[in-house]
Amino acid sequence: MKLSKPKSRHVPEMDLTPMIDIVFMLLIFIITVMRVSEANREPLDLPELVGEKEQSTTAVVVNIMLDGSIIVSNNQIDLGDLAIIISNEIIKMENDPDRVQVVIRGDTNGTCKTENDVIKQLAQLGISRVRLAVHVPE
Amino acid sequence: MKLTSKKMSRGADTELQMTSMIDVIFLLMIFFLVTASFTTSESELETATKVNEKTSSSQPSDLEPAIIEVKQGDGRFVYMLGSNQYNTHAELQAVLEQFPNKSDGAFVRASDAAPYGMAAAAIQAAKSSGFQVVSYVPLIEN
């Protein structure tokens, strides 16, 4: 005697595969962005100071090494090249030098010579504000 | 005749496979813990720059009151505020904090031979003392 109607047993399952895919995609994205943002920073000893504000991401980063060499975007350049780079940035910012953010990353053990030369060069291009990168002590 | 409860059969087979998710979360956690310890924290000091060769010569009275110079004195570089010498930026900051009028701003002047770390520290001291505008002036020595 058949007492109950046979039911199709449907087991509800949550498919986690798309979520894992998305999490991995996000992870790869974050790693890539971190690498890109750190690509402009050369390894040098920054002054150990508390600083004033968070580091800006949309800026021209000028690395000044201990020997006085200037490195921008992993390329060693001279003051003439720097002037061209900054001029292009000013053109991108609709010829408004005040909108161009320049971050100077100088070695704390170096002298001010190259920094002074860079600042004079920037002043000739109309840039009268710079940001000095410092290393926040632990 | 109803022998089985409809209520009982529902929900009893519901399972959630959490293993993969926990694996991923642990991987992410380990990744962020490892990278956090190696990331150096950088900050910025925003400063105005004044490049004027004529006013860069030693004429403190023509400029704003707080003029800090990084100069060579007694065989090593020191912070000069007027005629007073300071060896550390903590001493300099303590003096700058006593300045009554901080709205006029401060000027930090450093020659080409001055250590960059000292120039940055002088700017930091002025900023930390409450000066609203701190200007950096490349000092041209004759």
# chains A, B, ... in the order shown; residues from 1 in each chain; ligands from 1
>>> residues_around(residues="Gln124 in chain B", least_positions_apart="4", cutoff="7 Å", atoms="only C-alpha atoms", output="JSON, numbers by chain")
{"A": [51], "B": [120, 128]}
>>> interface_residues(of="chain A", to="chain B", cutoff="6 Å", atoms="only C-alpha atoms", output="list in words")
Val11, Pro12, Pro47, Gly51, Glu52, Lys53, Glu54, Gln55, Thr108, Gly110, Thr111, Cys112, Lys113, Asn116, Ser128, Arg129, Val130, Arg131, Leu132, Ala133, Val134, His135 and Val136 of chain A
>>> closest_residue(among="B:Ala122, B:Val133, B:Val108, B:Met29", to="Leu27 in chain A", atoms="only C-alpha atoms")
B:Met29
>>> select_by_dssp(residues="range 24-80 of chain A", states="strand (DSSP E or B)", output="ChimeraX atom specification")
/A:48,53-54,60-64,70-72,75-77
>>> closest_residue(among="A:Leu49, A:Met25, A:Leu44, A:Ile119", to="Leu66 in chain A", atoms="only C-alpha atoms")
A:Leu44
>>> residues_around(residues="range 85-102 of chain B", least_positions_apart="3", cutoff="8 Å", atoms="only C-alpha atoms", output="JSON list (two decimals) with C-alpha atoms, in the first residue's frame")
[["chain", "number", "residue", "atom", "x", "y", "z"],
["B", 66, "ALA", "CA", 60.25, 83.65, 11.53],
["B", 78, "VAL", "CA", 72.75, 74.10, 12.73],
["B", 79, "TYR", "CA", 69.37, 75.82, 12.69],
["B", 80, "MET", "CA", 69.71, 79.59, 12.88],
["B", 81, "LEU", "CA", 66.82, 81.71, 14.05],
["B", 105, "GLY", "CA", 54.14, 82.35, 8.05],
["B", 106, "ALA", "CA", 57.64, 81.02, 8.40],
["B", 118, "MET", "CA", 67.67, 69.22, 8.37],
["B", 121, "ALA", "CA", 62.99, 68.90, 9.80],
["B", 122, "ALA", "CA", 62.93, 72.71, 9.97],
["B", 125, "ALA", "CA", 59.12, 72.14, 13.17],
["B", 126, "ALA", "CA", 57.45, 75.24, 11.75],
["B", 128, "SER", "CA", 54.13, 71.54, 14.06],
["B", 129, "SER", "CA", 54.49, 74.91, 15.82],
["B", 130, "GLY", "CA", 51.31, 76.15, 14.21],
["B", 131, "PHE", "CA", 52.56, 78.32, 11.38],
["B", 132, "GLN", "CA", 49.88, 78.34, 8.72]]
>>> closest_residue(among="B:Leu33, B:Phe107, B:Ile22, B:Asn84", to="Ile68 in chain B", atoms="only C-alpha atoms")
B:Phe107
>>> closest_residue(among="A:Gln121, A:Glu42, A:Asn95, A:Val60", to="Asn74 in chain A", atoms="only C-alpha atoms")
A:Glu42
